[in-house]
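Chemist: Sending over entry30.tsv (TSV, C-alpha atoms and all ligand atoms).
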```
chain	number	residue	atom	x	y	z
A	1	MET	CA	-27.18	-20.26	-4.87
A	2	SER	CA	-24.78	-23.07	-4.17
A	3	GLY	CA	-21.21	-23.78	-5.18
A	4	SER	CA	-18.33	-21.37	-5.44
A	5	LEU	CA	-16.91	-18.78	-7.78
A	6	VAL	CA	-13.18	-18.49	-8.36
A	7	LEU	CA	-11.64	-15.02	-8.67
A	8	PRO	CA	-8.06	-13.83	-8.88
A	9	GLY	CA	-6.81	-13.33	-5.32
A	10	PHE	CA	-6.72	-9.81	-3.96
A	11	VAL	CA	-3.38	-8.06	-3.80
A	12	ASN	CA	-2.53	-5.85	-0.88
A	13	ALA	CA	-0.01	-3.48	-2.44
A	14	HIS	CA	0.82	-1.56	0.73
A	15	SER	CA	1.01	-2.97	4.26
A	16	HIS	CA	2.79	-2.15	7.50
A	17	ALA	CA	1.91	-5.32	9.37
A	18	PHE	CA	3.10	-4.17	12.80
A	19	GLN	CA	0.60	-1.29	12.80
A	20	ARG	CA	-2.24	-3.82	13.20
A	21	ALA	CA	-1.37	-3.61	16.91
A	22	LEU	CA	-2.58	0.00	17.01
A	23	ARG	CA	-6.20	-0.64	16.05
A	24	GLY	CA	-8.61	0.59	18.67
A	25	LYS	CA	-5.94	2.75	20.27
A	26	VAL	CA	-5.02	6.41	19.95
A	27	GLU	CA	-8.28	7.53	18.39
A	28	GLY	CA	-7.52	11.19	19.05
A	29	GLY	CA	-5.30	13.94	17.72
A	30	ASP	CA	-4.13	14.10	14.12
A	31	PHE	CA	-1.90	12.04	11.85
A	32	TRP	CA	1.22	13.33	13.58
A	33	ALA	CA	-0.08	12.34	17.02
A	34	TRP	CA	-0.87	8.86	15.67
A	35	ARG	CA	2.66	8.72	14.24
A	36	GLU	CA	4.12	9.18	17.75
A	37	SER	CA	2.18	6.14	18.98
A	38	MET	CA	3.23	4.20	15.89
A	39	LEU	CA	6.90	5.04	16.52
A	40	ALA	CA	6.57	3.79	20.11
A	41	VAL	CA	5.35	0.40	18.85
A	42	ALA	CA	7.97	0.27	16.08
A	43	GLY	CA	10.74	1.03	18.55
A	44	GLY	CA	10.10	-2.08	20.64
A	45	LEU	CA	9.78	-4.68	17.87
A	46	THR	CA	12.08	-7.71	17.90
A	47	PRO	CA	12.62	-10.18	15.05
A	48	GLY	CA	10.79	-12.83	17.09
A	49	GLN	CA	7.76	-10.58	17.56
A	50	VAL	CA	7.78	-9.75	13.85
A	51	ARG	CA	7.83	-13.39	12.87
A	52	GLU	CA	4.95	-14.28	15.17
A	53	GLY	CA	2.86	-11.12	14.91
A	54	TYR	CA	3.24	-10.67	11.15
A	55	ALA	CA	2.35	-14.32	10.53
A	56	GLU	CA	-0.90	-13.75	12.44
A	57	THR	CA	-1.69	-10.60	10.46
A	58	TYR	CA	-0.81	-12.30	7.16
A	59	ARG	CA	-3.08	-15.22	8.06
A	60	GLU	CA	-5.83	-12.72	8.64
A	61	MET	CA	-5.10	-11.20	5.21
A	62	ARG	CA	-5.10	-14.63	3.58
A	63	ALA	CA	-8.46	-15.45	5.17
A	64	ALA	CA	-9.84	-12.12	3.94
A	65	GLY	CA	-8.90	-12.89	0.33
A	66	TYR	CA	-5.54	-11.16	0.03
A	67	THR	CA	-3.18	-13.75	-1.43
A	68	ALA	CA	-0.24	-11.42	-2.10
A	69	VAL	CA	1.10	-8.52	-0.09
A	70	GLY	CA	3.66	-5.77	-0.45
A	71	GLU	CA	5.20	-5.20	2.97
A	72	PHE	CA	6.60	-1.67	3.13
A	73	HIS	CA	9.16	-2.34	5.80
A	74	TYR	CA	11.15	0.19	7.79
A	75	VAL	CA	11.94	-1.52	11.09
A	76	GLY	CA	15.29	-3.15	10.42
A	77	LEU	CA	17.02	-5.78	8.31
A	78	ALA	CA	16.74	-8.73	10.72
A	79	GLU	CA	13.05	-7.86	11.10
A	80	ALA	CA	12.71	-7.83	7.28
A	81	GLN	CA	14.05	-11.37	7.19
A	82	ALA	CA	11.56	-12.30	9.90
A	83	ALA	CA	8.72	-10.78	7.84
A	84	VAL	CA	9.69	-12.95	4.86
A	85	THR	CA	9.55	-16.04	7.06
A	86	ALA	CA	6.22	-14.95	8.56
A	87	ALA	CA	4.69	-14.66	5.09
A	88	ARG	CA	5.90	-18.15	4.21
A	89	ASP	CA	4.37	-19.47	7.43
A	90	ALA	CA	1.05	-17.80	6.58
A	91	GLY	CA	0.99	-18.82	2.91
A	92	VAL	CA	0.90	-15.38	1.30
A	93	GLU	CA	3.06	-14.19	-1.57
A	94	LEU	CA	5.26	-11.44	-0.18
A	95	VAL	CA	7.16	-8.66	-1.86
A	96	LEU	CA	9.45	-7.07	0.69
A	97	LEU	CA	9.59	-3.35	-0.05
A	98	LEU	CA	12.54	-2.44	2.11
A	99	ALA	CA	12.36	1.22	3.06
A	100	ALA	CA	15.29	3.59	2.60
A	101	TYR	CA	15.36	6.00	5.52
A	102	GLY	CA	18.05	8.64	5.57
A	103	ARG	CA	16.83	11.01	8.25
A	104	GLY	CA	14.19	11.45	10.93
A	105	GLY	CA	12.20	8.57	12.41
A	106	LEU	CA	13.99	6.21	14.81
A	107	ASP	CA	17.61	5.04	14.76
A	108	ARG	CA	16.54	1.56	13.74
A	109	PHE	CA	14.83	2.87	10.57
A	110	ARG	CA	17.93	4.49	9.12
A	111	GLN	CA	20.77	3.32	6.93
A	112	GLU	CA	24.09	5.18	6.78
A	113	SER	CA	23.92	5.86	3.06
A	114	ALA	CA	21.93	4.98	-0.04
A	115	ALA	CA	24.70	2.51	-0.94
A	116	ASP	CA	24.32	0.87	2.48
A	117	TYR	CA	20.56	0.63	1.85
A	118	LEU	CA	21.06	-0.98	-1.57
A	119	ARG	CA	23.41	-3.53	0.02
A	120	GLN	CA	20.61	-4.48	2.42
A	121	VAL	CA	18.20	-4.93	-0.51
A	122	GLU	CA	20.74	-7.15	-2.27
A	123	ALA	CA	21.30	-9.20	0.89
A	124	LEU	CA	17.56	-9.90	1.15
A	125	ALA	CA	17.32	-10.78	-2.55
A	126	SER	CA	20.30	-13.13	-2.28
A	127	GLU	CA	18.45	-15.00	0.48
A	128	GLY	CA	15.54	-15.62	-1.89
A	129	ALA	CA	13.20	-12.79	-0.84
A	130	ARG	CA	11.25	-11.04	-3.57
A	131	VAL	CA	12.22	-7.41	-3.14
A	132	GLY	CA	11.29	-3.94	-4.27
A	133	LEU	CA	12.76	-0.53	-3.55
A	134	ALA	CA	11.04	1.85	-1.19
A	135	PRO	CA	12.53	5.26	-0.53
A	136	HIS	CA	10.22	5.92	2.42
A	137	SER	CA	9.18	9.47	1.49
A	138	VAL	CA	10.65	12.84	0.57
A	139	ARG	CA	10.63	13.50	4.32
A	140	ALA	CA	12.91	10.56	5.07
A	141	CYS	CA	15.13	10.59	1.96
A	142	PRO	CA	17.38	13.43	0.86
A	143	ARG	CA	17.40	14.19	-2.85
A	144	SER	CA	20.73	12.43	-3.43
A	145	TRP	CA	19.26	9.20	-2.01
A	146	LEU	CA	16.22	9.48	-4.27
A	147	GLU	CA	18.51	9.91	-7.29
A	148	GLU	CA	20.67	6.93	-6.42
A	149	ILE	CA	17.73	4.64	-5.64
A	150	GLY	CA	15.75	5.77	-8.70
A	151	ALA	CA	18.72	4.98	-10.96
A	152	TYR	CA	19.19	1.58	-9.31
A	153	ALA	CA	15.51	0.72	-9.82
A	154	VAL	CA	15.78	1.46	-13.54
A	155	ARG	CA	19.05	-0.46	-13.87
A	156	GLU	CA	17.79	-3.54	-12.03
A	157	GLY	CA	14.21	-3.44	-13.31
A	158	LEU	CA	12.78	-3.36	-9.77
A	159	VAL	CA	9.51	-1.84	-8.60
A	160	LEU	CA	9.82	1.36	-6.58
A	161	HIS	CA	7.23	2.36	-3.99
A	162	VAL	CA	7.22	5.68	-2.17
A	163	HIS	CA	4.80	7.51	0.15
A	164	ALA	CA	3.88	10.95	-1.16
A	165	ASP	CA	1.35	13.69	-0.53
A	166	GLU	CA	-0.41	11.94	2.34
A	167	GLN	CA	-0.49	15.06	4.50
A	168	PRO	CA	-0.36	18.80	3.69
A	169	ARG	CA	2.57	19.36	6.08
A	170	GLU	CA	4.81	17.06	4.03
A	171	ILE	CA	4.11	19.18	0.94
A	172	GLU	CA	4.85	22.43	2.77
A	173	GLU	CA	8.16	21.06	4.06
A	174	CYS	CA	9.14	19.77	0.62
A	175	LEU	CA	8.34	23.13	-0.98
A	176	ALA	CA	10.42	24.87	1.69
A	177	GLU	CA	13.40	22.54	1.20
A	178	HIS	CA	13.35	21.97	-2.56
A	179	GLY	CA	10.96	24.51	-4.07
A	180	LEU	CA	9.09	21.49	-5.42
A	181	ARG	CA	6.08	19.45	-4.40
A	182	PRO	CA	6.83	15.80	-3.46
A	183	ILE	CA	5.86	14.18	-6.77
A	184	GLU	CA	7.68	16.95	-8.67
A	185	LEU	CA	10.79	16.13	-6.66
A	186	LEU	CA	10.37	12.40	-7.33
A	187	ALA	CA	10.12	13.15	-11.07
A	188	GLU	CA	13.26	15.30	-11.04
A	189	ALA	CA	15.17	12.71	-9.02
A	190	GLY	CA	14.37	9.94	-11.53
A	191	CYS	CA	12.01	8.02	-9.23
A	192	LEU	CA	8.96	8.05	-11.53
A	193	GLY	CA	8.49	5.35	-14.14
A	194	PRO	CA	6.15	2.51	-15.14
A	195	ARG	CA	7.39	0.40	-12.21
A	196	THR	CA	6.75	3.21	-9.69
A	197	THR	CA	3.86	3.20	-7.24
A	198	VAL	CA	3.17	6.37	-5.30
A	199	VAL	CA	1.35	5.52	-2.10
A	200	HIS	CA	-1.57	7.85	-1.20
A	201	ALA	CA	-1.12	10.94	-3.46
A	202	THR	CA	-4.02	12.30	-1.40
A	203	HIS	CA	-3.09	15.95	-1.82
A	204	ALA	CA	-1.45	15.73	-5.26
A	205	ASP	CA	-2.21	18.72	-7.44
A	206	ALA	CA	-2.96	18.72	-11.19
A	207	HIS	CA	0.70	19.08	-12.18
A	208	GLU	CA	1.74	16.19	-9.98
A	209	LEU	CA	-1.01	14.01	-11.47
A	210	ASP	CA	0.17	15.01	-14.96
A	211	LEU	CA	3.69	13.88	-14.02
A	212	LEU	CA	2.41	10.51	-12.82
A	213	ALA	CA	0.52	10.01	-16.09
A	214	GLU	CA	3.49	11.11	-18.25
A	215	HIS	CA	5.79	8.64	-16.55
A	216	GLY	CA	3.27	5.78	-16.45
A	217	ALA	CA	3.45	5.59	-12.65
A	218	GLY	CA	0.62	4.14	-10.55
A	219	VAL	CA	-0.99	5.15	-7.27
A	220	CYS	CA	-1.85	2.88	-4.36
A	221	ILE	CA	-4.83	4.13	-2.41
A	222	CYS	CA	-5.44	2.88	1.13
A	223	PRO	CA	-9.00	4.02	1.78
A	224	THR	CA	-9.70	2.65	5.26
A	225	THR	CA	-6.37	3.87	6.63
A	226	GLU	CA	-6.64	7.25	4.92
A	227	ALA	CA	-10.08	7.63	6.53
A	228	ASN	CA	-8.85	6.44	9.92
A	229	LEU	CA	-5.88	8.80	9.97
A	230	GLY	CA	-7.79	11.82	8.69
A	231	ASP	CA	-5.62	12.08	5.59
A	232	GLY	CA	-8.28	13.40	3.23
A	233	PHE	CA	-9.90	12.17	0.02
A	234	PRO	CA	-7.83	10.94	-2.92
A	235	PRO	CA	-8.15	13.05	-6.10
A	236	LEU	CA	-10.07	10.29	-7.86
A	237	SER	CA	-11.48	12.27	-10.77
A	238	GLY	CA	-8.01	13.53	-11.66
A	239	LEU	CA	-6.52	10.05	-11.36
A	240	LEU	CA	-9.26	8.40	-13.42
A	241	GLU	CA	-9.33	11.07	-16.15
A	242	ARG	CA	-5.62	10.59	-16.70
A	243	GLY	CA	-5.86	6.78	-16.72
A	244	ILE	CA	-3.36	6.46	-13.86
A	245	PRO	CA	-3.27	2.79	-12.71
A	246	LEU	CA	-4.67	2.31	-9.21
A	247	SER	CA	-4.08	-0.39	-6.63
A	248	ILE	CA	-5.22	-0.81	-3.02
A	249	GLY	CA	-3.42	-1.33	0.27
A	250	SER	CA	-4.49	-2.10	3.82
A	251	ASP	CA	-1.61	0.13	5.01
A	252	SER	CA	-1.98	0.47	8.81
A	253	ASN	CA	-4.19	-2.64	8.81
A	254	VAL	CA	-6.85	-0.94	10.88
A	255	ARG	CA	-9.13	-3.08	8.64
A	256	ILE	CA	-8.24	-6.17	6.68
A	257	ASP	CA	-10.89	-6.53	3.99
A	258	PRO	CA	-10.24	-5.93	0.29
A	259	LEU	CA	-13.95	-5.59	-0.47
A	260	GLU	CA	-14.22	-2.76	2.02
A	261	GLU	CA	-11.22	-0.97	0.49
A	262	LEU	CA	-12.82	-1.21	-2.96
A	263	ARG	CA	-16.22	-0.13	-1.65
A	264	GLU	CA	-14.64	2.90	0.02
A	265	LEU	CA	-12.82	3.73	-3.19
A	266	GLU	CA	-15.97	3.64	-5.29
A	267	GLY	CA	-18.03	5.28	-2.53
A	268	THR	CA	-15.58	8.18	-2.41
A	269	ALA	CA	-15.69	8.53	-6.19
A	270	ARG	CA	-19.51	8.61	-6.09
A	271	ARG	CA	-19.56	11.28	-3.39
A	272	GLN	CA	-17.05	13.37	-5.31
A	273	THR	CA	-18.79	13.12	-8.71
A	274	LEU	CA	-22.44	12.86	-7.60
A	275	ARG	CA	-22.74	9.83	-9.92
A	276	ARG	CA	-22.95	6.06	-9.47
A	277	ASN	CA	-20.80	3.32	-10.99
A	278	VAL	CA	-17.85	5.67	-11.47
A	279	ILE	CA	-15.34	2.81	-11.44
A	280	PRO	CA	-17.17	-0.16	-13.02
A	281	VAL	CA	-17.14	-3.33	-10.93
A	282	GLU	CA	-14.83	-5.31	-13.25
A	283	ARG	CA	-12.32	-2.50	-13.09
A	284	LEU	CA	-12.65	-2.24	-9.32
A	285	LEU	CA	-11.93	-5.95	-8.97
A	286	ARG	CA	-8.88	-5.59	-11.23
A	287	THR	CA	-7.76	-2.63	-9.09
A	288	GLY	CA	-7.88	-4.98	-6.13
A	289	SER	CA	-6.02	-7.81	-7.87
A	290	SER	CA	-4.05	-7.65	-11.14
A	291	SER	CA	-3.29	-3.94	-10.84
A	292	GLY	CA	-1.79	-4.57	-7.40
A	293	ALA	CA	0.20	-7.50	-8.76
A	294	LYS	CA	1.63	-5.28	-11.47
A	295	ALA	CA	2.51	-2.67	-8.83
A	296	LEU	CA	4.42	-5.35	-6.92
A	297	GLY	CA	6.03	-6.81	-10.04
A	298	ILE	CA	4.51	-10.28	-9.61
A	299	GLU	CA	2.90	-12.34	-12.35
A	300	ALA	CA	1.36	-15.21	-10.41
A	301	TRP	CA	-0.53	-15.27	-7.14
A	302	PRO	CA	-3.22	-17.60	-5.76
A	303	ASP	CA	-6.94	-17.28	-6.55
A	304	VAL	CA	-9.74	-16.97	-4.01
A	305	GLU	CA	-13.11	-18.73	-3.89
A	306	VAL	CA	-16.37	-16.99	-3.11
A	307	ASP	CA	-18.89	-19.01	-1.08
A	308	LEU	CA	-22.01	-18.58	-3.21
A	309	ALA	CA	-24.12	-20.12	-0.43
A	310	HIS	CA	-23.04	-17.39	2.02
A	311	ARG	CA	-26.01	-15.61	3.58
A	312	SER	CA	-24.86	-12.22	2.29
A	313	LEU	CA	-25.41	-13.51	-1.27
A	314	LEU	CA	-28.85	-14.99	-0.61
A	315	GLY	CA	-31.20	-14.09	-3.46
A	316	VAL	CA	-28.48	-12.48	-5.59
A	317	GLU	CA	-28.53	-13.44	-9.28
A	318	ARG	CA	-25.38	-15.16	-10.42
A	319	GLU	CA	-24.49	-12.38	-12.89
A	320	ASP	CA	-24.83	-9.79	-10.11
A	321	VAL	CA	-22.40	-11.55	-7.77
A	322	PRO	CA	-19.31	-9.44	-8.60
A	323	ALA	CA	-21.16	-6.18	-7.91
A	324	ALA	CA	-22.85	-7.66	-4.83
A	325	LEU	CA	-19.45	-8.64	-3.50
A	326	VAL	CA	-18.05	-5.16	-3.76
A	327	HIS	CA	-21.13	-3.30	-2.63
A	328	GLY	CA	-22.76	-5.68	-0.20
A	329	CYS	CA	-20.39	-8.25	1.27
A	330	GLY	CA	-17.57	-8.52	3.75
A	331	ALA	CA	-14.45	-10.64	3.44
A	332	ASP	CA	-16.15	-13.51	5.33
A	333	VAL	CA	-17.77	-14.37	1.98
A	334	PHE	CA	-14.54	-16.06	0.89
A	335	LEU	CA	-14.16	-19.80	1.48
A	336	GLY	CA	-11.60	-20.53	4.16
A	337	SER	CA	-12.19	-17.16	5.81
A	338	SER	CA	-13.10	-18.51	9.23
A	401	ZN	ZN	2.49	3.45	4.41
```
Rewrite the structure of this file - the entire thing - as structure tokens.
Modeler:
Amino acid sequence: MSGSLVLPGFVNAHSHAFQRALRGKVEGGDFWAWRESMLAVAGGLTPGQVREGYAETYREMRAAGYTAVGEFHYVGLAEAQAAVTAARDAGVELVLLLAAYGRGGLDRFRQESAADYLRQVEALASEGARVGLAPHSVRACPRSWLEEIGAYAVREGLVLHVHADEQPREIEECLAEHGLRPIELLAEAGCLGPRTTVVHATHADAHELDLLAEHGAGVCICPTTEANLGDGFPPLSGLLERGIPLSIGSDSNVRIDPLEELRELEGTARRQTLRRNVIPVERLLRTGSSSGAKALGIEAWPDVEVDLAHRSLLGVEREDVPAALVHGCGADVFLGSS
């Protein structure tokens, strides 16, 4: 086959670009041990390093077919500005999801108050950055912060992204503090709505999934990172049965390949249901593109071109190309990937 095939670009709805530096390292312990190493890297970042390092990672994303990215950013305001510049340098559409961090983590992650956080978001927006709200997690944000940020998101019509239910310990701590599971707390605090994306939801129970569906909230699944960190399997049957919108993210950026994220997603669903073609290919491709764009609140983002002469597509019928991409190709199949 010769020529090319144009597809909507892939949308990376959840990225922490600096964590790319950790690939190949710290392959022992559990999530919490990994987090210590991650904090050590985060602690030393400067705006200059962010600008240079993020631009390199975003170029890698662009080459792999991601043309838009949601950067979930919790390493400082000057560094957020540097990330916006890095994305411009690399030619990717960026939505800066500035994280609200009220407690825990490192000094540099935290704002003094929710109002102080919202002022930072407004400062970034006034400089021309496309922004979204990101209360980091129920670990990092007290309930009053969640309430204030949730209300602001509704008032301003902004997307709201939040990590939840990635690890069992987070759920135990939330139950101990609030008597509620994380997504139950988010619902009560006014953080769930059609512009909300819950990142991971790996250990969400049936009631939490019901709440997501009732509020029209979506879930961003980050399969390669969730595998790498030993998070667990997402509750795909429960998500799909309820029609909860899904998007994908490269998260820790241990891998940068949207086809691999989608293949993992469908592969997990097949293992869980003992069936094939659980998420049809067209829907998988939308999960990797338009669904992510909706999660980020963007309406336009660049397309990508598939190299139909690529050796991994040799002998594939034209009508089978979309399925062959997801199930049998890597991101080097996109033109401009090398
Ligand atoms: Zn994350």
Chemist: Taking all atoms listed in the file into account, which residues are within 9 Å of ligand ZN 401 (chain A), as an mmCIF file with C-alpha atoms, keeping the file's coordinate frame?
Modeler:
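Full text of part-v1.cif as output:
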```
data_model
loop_
_atom_site.group_PDB
_atom_site.id
_atom_site.type_symbol
_atom_site.label_atom_id
_atom_site.label_comp_id
_atom_site.auth_asym_id
_atom_site.auth_seq_id
_atom_site.Cartn_x
_atom_site.Cartn_y
_atom_site.Cartn_z
ATOM 1 C CA HIS A 14 0.820 -1.560 0.730
ATOM 2 C CA SER A 15 1.010 -2.970 4.260
ATOM 3 C CA HIS A 16 2.790 -2.150 7.500
ATOM 4 C CA PHE A 72 6.600 -1.670 3.130
ATOM 5 C CA HIS A 73 9.160 -2.340 5.800
ATOM 6 C CA HIS A 136 10.220 5.920 2.420
ATOM 7 C CA VAL A 162 7.220 5.680 -2.170
ATOM 8 C CA HIS A 163 4.800 7.510 0.150
ATOM 9 C CA VAL A 199 1.350 5.520 -2.100
ATOM 10 C CA HIS A 200 -1.570 7.850 -1.200
ATOM 11 C CA CYS A 222 -5.440 2.880 1.130
ATOM 12 C CA GLY A 249 -3.420 -1.330 0.270
ATOM 13 C CA SER A 250 -4.490 -2.100 3.820
ATOM 14 C CA ASP A 251 -1.610 0.130 5.010
ATOM 15 C CA SER A 252 -1.980 0.470 8.810
#
```
Chemist: What's the 7 Å shell around Pro8 (chain A), counting only C-alpha atoms, without same-chain residues fewer than 2 positions away, as number ranges by chain?
Modeler: A: 6, 10, 289, 302-304
Chemist: Which residue gives the smallest distance to Gly297 (chain A) among A:Gly157, A:Gly9, A:Gly230, A:Pro182, with all atoms listed in the file counted?
Modeler: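 Closest residue, counting all atoms listed in the file: A:Gly157.
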Chemist: With distances taken over only C-alpha atoms, which residue among A:Asp231, A:Ala99, A:Leu5, A:Ala293 lies nearest Pro322 (chain A)?
Modeler: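 Of the candidates, the smallest distance to Pro322 (chain A) is held by A:Leu5.
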Chemist: Go ahead and compute the interatomic distance for CA of Gly150 (chain A) and CA of Thr202 (chain A), in Å to one decimal.
Modeler: 22.1 Å
Chemist: Can you work out the spacing between CA of Met38 (chain A) and CA of Val95 (chain A) in Å, to one decimal?
Modeler: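 Separation between CA of Met38 (chain A) and CA of Val95 (chain A): 22.3 Å.
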Chemist: Counting only C-alpha atoms, which of A:Asp89, A:Glu36, A:Asp257, A:Glu79 gets nearest to Tyr58 (chain A)?
Modeler: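 That would be A:Asp89, the residue with the smallest distance to Tyr58 (chain A).
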Chemist: If I take CA of Phe18 (chain A) and CA of Ser247 (chain A), how far is one from the other in Å, to one decimal?
Modeler: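 Taking CA of Phe18 (chain A) as the start and CA of Ser247 (chain A) as the end point, the length is 21.1 Å.
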Chemist: Taking all atoms listed in the file into account, which of A:Leu133, A:Ala42, A:Ala309, A:Ala83 comes nearest Glu156 (chain A)?
Modeler: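 For Glu156 (chain A), the nearest of the candidates is A:Leu133.
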Chemist: Considering all atoms listed in the file, state which residue in the set A:Val198, A:Val306, A:Ala17, A:Met61 is at the smallest distance from Leu325 (chain A).
Modeler: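 Ranked by minimum distance to Leu325 (chain A), first place goes to A:Val306.
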Chemist: Choose the residue, out of A:Val333, A:Ala204, A:Val92, A:Leu240, that has the smallest atom-to-atom separation from His310 (chain A); count only C-alpha atoms.
Modeler: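 Ranked by minimum distance to His310 (chain A), first place goes to A:Val333.
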Chemist: Taking all listed atoms of region 133-137 of chain A, build the axis-aligned box, pad each of the six sides by 8 Å, then write its centre and edge lengths in Å to one decimal as AutoDock Vina command-line options.
Modeler:
```
--center_x 11.0 --center_y 4.5 --center_z -0.6 --size_x 19.6 --size_y 26.0 --size_z 22.0
```
Chemist: Around (1.1, -8.5, -11.4) in the file's own coordinates, what residues are found within 12 Å if you use only C-alpha atoms, given back as a ChimeraX atom specification?
Modeler: /A:8-13,68-70,93,95,159,195,247,286-302
Chemist: Which neighbours of Ala269 (chain A) fall inside 12 Å, counting only C-alpha atoms, when residues of the same chain fewer than 6 positions from it are skipped, and could you give them as a list in words?
Modeler: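 Those residues are Pro223, Phe233, Pro234, Pro235, Leu236, Ser237, Gly238, Leu239, Leu240, Leu262, Arg263, Arg275, Arg276, Asn277, Val278, Ile279, Pro280 and Leu284 of chain A.
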Chemist: When you look at Ala64 (chain A) with a cut-off of 7 Å (counting only C-alpha atoms), what residues show up, excluding the ones that are within fewer than 6 positions of it in the same chain? I need them as number ranges by chain.
Modeler: A: 256-257, 331-332, 334, 337
Chemist: Could you please fill out region 32-47 of chain A with N, CA, C and O atoms and send it back as a tab-separated table (two decimals), in the coordinates of the input?
Modeler:
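Result saved to part.tsv:
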```
chain	number	residue	atom	x	y	z
A	32	TRP	N	-0.10	13.22	12.97
A	32	TRP	CA	1.22	13.33	13.58
A	32	TRP	C	1.21	12.80	15.01
A	32	TRP	O	2.20	12.26	15.49
A	33	ALA	N	0.06	12.93	15.68
A	33	ALA	CA	-0.08	12.34	17.02
A	33	ALA	C	-0.11	10.82	16.91
A	33	ALA	O	0.52	10.10	17.69
A	34	TRP	N	-0.84	10.32	15.91
A	34	TRP	CA	-0.87	8.86	15.67
A	34	TRP	C	0.53	8.35	15.40
A	34	TRP	O	0.94	7.30	15.87
A	35	ARG	N	1.30	9.13	14.61
A	35	ARG	CA	2.66	8.72	14.24
A	35	ARG	C	3.53	8.51	15.48
A	35	ARG	O	4.35	7.59	15.53
A	36	GLU	N	3.35	9.35	16.51
A	36	GLU	CA	4.12	9.18	17.75
A	36	GLU	C	3.83	7.81	18.37
A	36	GLU	O	4.73	7.12	18.82
A	37	SER	N	2.55	7.45	18.42
A	37	SER	CA	2.18	6.14	18.98
A	37	SER	C	2.76	5.02	18.13
A	37	SER	O	3.21	3.99	18.64
A	38	MET	N	2.71	5.21	16.82
A	38	MET	CA	3.23	4.20	15.89
A	38	MET	C	4.74	4.00	16.12
A	38	MET	O	5.24	2.87	16.15
A	39	LEU	N	5.46	5.14	16.31
A	39	LEU	CA	6.90	5.04	16.52
A	39	LEU	C	7.20	4.29	17.82
A	39	LEU	O	8.18	3.54	17.90
A	40	ALA	N	6.35	4.49	18.83
A	40	ALA	CA	6.57	3.79	20.11
A	40	ALA	C	6.44	2.28	19.92
A	40	ALA	O	7.23	1.51	20.48
A	41	VAL	N	5.49	1.84	19.11
A	41	VAL	CA	5.35	0.40	18.85
A	41	VAL	C	6.53	-0.09	18.01
A	41	VAL	O	7.14	-1.13	18.32
A	42	ALA	N	6.87	0.67	16.98
A	42	ALA	CA	7.97	0.27	16.08
A	42	ALA	C	9.27	0.13	16.84
A	42	ALA	O	10.07	-0.78	16.58
A	43	GLY	N	9.48	1.02	17.82
A	43	GLY	CA	10.74	1.03	18.55
A	43	GLY	C	11.00	-0.23	19.35
A	43	GLY	O	12.14	-0.62	19.57
A	44	GLY	N	9.93	-0.91	19.78
A	44	GLY	CA	10.10	-2.08	20.64
A	44	GLY	C	10.08	-3.41	19.92
A	44	GLY	O	10.20	-4.46	20.55
A	45	LEU	N	9.93	-3.41	18.59
A	45	LEU	CA	9.78	-4.68	17.87
A	45	LEU	C	11.07	-5.49	17.87
A	45	LEU	O	12.15	-4.95	17.67
A	46	THR	N	10.94	-6.80	18.04
A	46	THR	CA	12.08	-7.71	17.90
A	46	THR	C	11.81	-8.63	16.71
A	46	THR	O	10.65	-8.81	16.32
A	47	PRO	N	12.86	-9.25	16.16
A	47	PRO	CA	12.62	-10.18	15.05
A	47	PRO	C	11.63	-11.29	15.43
A	47	PRO	O	10.79	-11.68	14.62
```
